[in-house]
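*Asks:* Provided herewith is a single structure, encoded as structure tokens, for subsequent inquiry.
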Amino acid sequence: MAEITVFTYNLRTDCQEDGINSFQNRRDFIKARFPSYQADLIGFQETQPHMRRWLMESFPEYEICGVGRGADLGDESNVIAYRRKAFDLVSLDTFWLSDTPRIPGSRFATDQSMCPRICTCAVLRHRETGRLLRHCNTHLDHEGAMAQAQGITLVLNRMAADHAAWPMPVILTGDFNVVPESPVYRSVLSFSGCGAPLRDVTANVGNTFHDFKPHDPAAQMKIDYIFTTLPCDEARSFKAEDEENGRYLSDHYPVGAYLTL
């Protein structure tokens with residue numbers, strides 16, 4: 001067995017109106033601070049193409065996997081980053097949260113926003129133990145409740161089909177844009193298609209979104225999650241609250257957990 005450190009990290013898309021916390025102003029801070037957490041596996045969200053290139057250049061110890069959500073495979077992506085010394089990539093796939101998940105840029109025809117949504121899935125082999133795991137990383141819609149429900153249903157159904165074909169432990173990370181009281185959250189906890197229940201190992205970390213206003217109670221929400229079938233000491237799960245002169249790692253706290261593989 002081995003312990004691995006897993007994160008979900010909404011990197012916050014590059015918006016100049018964020019001022020001191022625009023990505024261009026945060027990136028040196030991210031590069032200096034985030035490596036201290038020694039993550040083995042990271043599910044990023046809101047990673048634009050130039051941000052993905054920056055990750056590749058700034059963190060060469062990681063392989064950065066995934067494509068953008070747009071019809072041309074550009075736009076934001078939910079990349080998965082894994083530590084090269086810890087894992088080998090076995091397979092990689094991206095599908096769109098839509099009625100046509102194999103058509104790039106597609107969306108649900110219900111109440112979804114104009115943003116396409118995707119799920120990136122990687123099967124990884126842990127070099128030390130030889131064990132396999134499946135990591136799915138997603139970002140649900142921020143506007144439509146129906147689209148959120150359709151999106152998580154598609155992700156869970158895909159996870160169940162993959163597990164039936166090739167069973168292995170599962171990690172599901174992402175910005176779900178829903179709070180723990182939501183039907184979407186409850187549907188994940190009631191899911192039984194991966195051989196064991198999915199547990200929210202971030203249940204005790206508190207609010208994860210702060211909108212660059214961590215001292216404003218009205219800005220706080222818990223919408224970022226790590227679900228898994230792997231063993232975890234949930235008391236050790238945490239969020240990275242680093243701050244320097246008003247700069248933060250993101251408008252979300254990166255959330256980490258120690259899993260046993």
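Residue numbering restarts at 1 for every chain of the structure tokens, chains are lettered A, B, ... in their displayed order, and ligands are numbered from 1 as they appear.
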Which residues come within 7 Å of A:Leu97, counting only C-alpha atoms, excluding same-chain residues fewer than 2 positions away, as a list in words?
*Replies:* Phe95, Pro101, Arg107, Arg117, Ile118, Gly151 and Leu154 of chain A
*Asks:* Output C-alpha atoms for every residue in the selection just made, as a PDB file, in the first residue's frame.
*Replies:*
```pdb
ATOM      1  CA  PHE A  95     -16.276  13.471 -23.028  1.00  0.00           C
ATOM      2  CA  PRO A 101     -20.887  13.346 -25.382  1.00  0.00           C
ATOM      3  CA  ARG A 107     -24.123  21.038 -24.495  1.00  0.00           C
ATOM      4  CA  ARG A 117     -18.833  21.190 -19.895  1.00  0.00           C
ATOM      5  CA  ILE A 118     -16.541  18.167 -19.940  1.00  0.00           C
ATOM      6  CA  GLY A 151     -24.107  16.242 -16.104  1.00  0.00           C
ATOM      7  CA  LEU A 154     -23.737  11.179 -17.293  1.00  0.00           C
TER       8      LEU A 154
END
```
*Asks:* Which residues are close to stretch 14-25 of chain A, i.e. within 9 Å by only C-alpha atoms, leaving aside same-chain residues fewer than 5 positions away? Reply as a list in words.
*Replies:*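 My list of contacting residues is Glu46, Thr47, Gln48, Met51, Phe212, Gly246, Arg247, Tyr248, Leu249, Ser250 and Asp251 of chain A.
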*Asks:* Give me the residues within 8 Å of A:Cys65 as a PyMOL selection string, counting only C-alpha atoms and dropping any in the same chain fewer than 6 places off.
*Replies:* chain A and resi 79-81+92
*Asks:* Take the residues that were just selected and, keeping N, CA and C atoms, output them as a compact mmCIF listing (two decimals), in the first residue's frame.
*Replies:*
```
# COMPACT_ATOMS: atom_id res chain seq x y z
N VAL A 79 -7.89 19.74 -16.80
CA VAL A 79 -6.73 18.87 -16.94
C VAL A 79 -6.46 18.09 -15.65
N ILE A 80 -5.91 16.91 -15.84
CA ILE A 80 -5.41 16.08 -14.74
C ILE A 80 -3.89 16.14 -14.78
N ALA A 81 -3.30 16.46 -13.65
CA ALA A 81 -1.84 16.49 -13.53
C ALA A 81 -1.41 15.36 -12.61
N LEU A 92 -6.48 7.74 -21.43
CA LEU A 92 -6.99 9.09 -21.21
C LEU A 92 -8.17 9.33 -22.12
```
*Asks:* Residues of stretch 48-246 of chain A in strand (DSSP E) according to DSSP, as a PyMOL selection string?
*Replies:* chain A and resi 62-65+80-83+87-96+118-126+132-139+170-175+199-200+224-228+238-239+243-244
*Asks:* Could those residues be written to a file, using C-alpha atoms, as a compact mmCIF listing (two decimals), in the first residue's frame?
*Replies:*
```txt
# COMPACT_ATOMS: atom_id res chain seq x y z
CA TYR A 62 3.99 16.62 -13.67
CA GLU A 63 2.37 15.31 -16.82
CA ILE A 64 -0.56 17.60 -17.74
CA CYS A 65 -3.38 15.68 -19.49
CA ILE A 80 -5.41 16.08 -14.74
CA ALA A 81 -1.84 16.49 -13.53
CA TYR A 82 0.03 13.48 -12.21
CA ARG A 83 3.53 13.26 -10.80
CA PHE A 87 2.41 7.22 -12.03
CA ASP A 88 2.32 5.94 -15.58
CA LEU A 89 -0.60 6.92 -17.82
CA VAL A 90 -2.54 3.91 -19.10
CA SER A 91 -5.46 5.64 -20.84
CA LEU A 92 -6.99 9.09 -21.21
CA ASP A 93 -10.40 10.24 -22.38
CA THR A 94 -12.53 13.39 -22.48
CA PHE A 95 -16.28 13.47 -23.03
CA TRP A 96 -18.75 16.33 -23.16
CA ILE A 118 -16.54 18.17 -19.94
CA CYS A 119 -15.17 15.32 -17.87
CA THR A 120 -11.55 14.20 -18.19
CA CYS A 121 -10.82 10.59 -17.19
CA ALA A 122 -7.42 9.00 -16.74
CA VAL A 123 -6.43 5.46 -15.80
CA LEU A 124 -3.10 5.56 -13.99
CA ARG A 125 -0.70 2.89 -12.79
CA HIS A 126 1.07 3.59 -9.52
CA LEU A 132 -4.38 0.96 -11.06
CA LEU A 133 -6.78 3.79 -10.34
CA ARG A 134 -9.28 5.75 -12.38
CA HIS A 135 -9.41 9.54 -11.90
CA CYS A 136 -12.36 11.49 -13.29
CA ASN A 137 -12.26 15.28 -13.11
CA THR A 138 -15.21 17.51 -14.00
CA HIS A 139 -16.75 20.97 -13.69
CA VAL A 170 -12.02 5.52 -8.42
CA ILE A 171 -11.37 9.18 -7.62
CA LEU A 172 -13.87 11.84 -8.71
CA THR A 173 -12.74 15.46 -8.34
CA GLY A 174 -14.23 18.72 -9.42
CA ASP A 175 -15.99 22.01 -8.98
CA ARG A 199 -17.26 9.03 -0.01
CA ASP A 200 -16.81 12.77 0.17
CA ASP A 224 -15.33 21.66 -4.57
CA TYR A 225 -15.10 17.94 -3.81
CA ILE A 226 -12.98 14.82 -3.80
CA PHE A 227 -15.06 11.64 -3.85
CA THR A 228 -13.37 8.25 -3.80
CA PHE A 238 -7.59 20.15 4.21
CA LYS A 239 -7.78 23.26 2.06
CA GLU A 243 -2.30 34.32 1.04
CA GLU A 244 0.33 36.97 0.37
```
*Asks:* So, with only C-alpha atoms as the atoms that count, which of A:Pro35, A:Pro104, A:Gly130, A:Pro180 lies closest to A:Asp242?
*Replies:*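 When distances to A:Asp242 are compared using only C-alpha atoms, the smallest one comes from A:Pro35.
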*Asks:* Name the closest residue to A:Pro231 among the candidates A:Pro167, A:Pro197, A:Gly43, A:Gly68; distances are taken between atoms, counting only C-alpha atoms.
*Replies:*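 Ranking A:Pro167, A:Pro197, A:Gly43, A:Gly68 by distance to A:Pro231, first place goes to A:Pro197.
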*Asks:* Counting only C-alpha atoms, figure out which residue out of A:Pro49, A:Pro60, A:Pro169, A:Gly66 gets nearest to A:Leu261.
*Replies:* A:Pro169
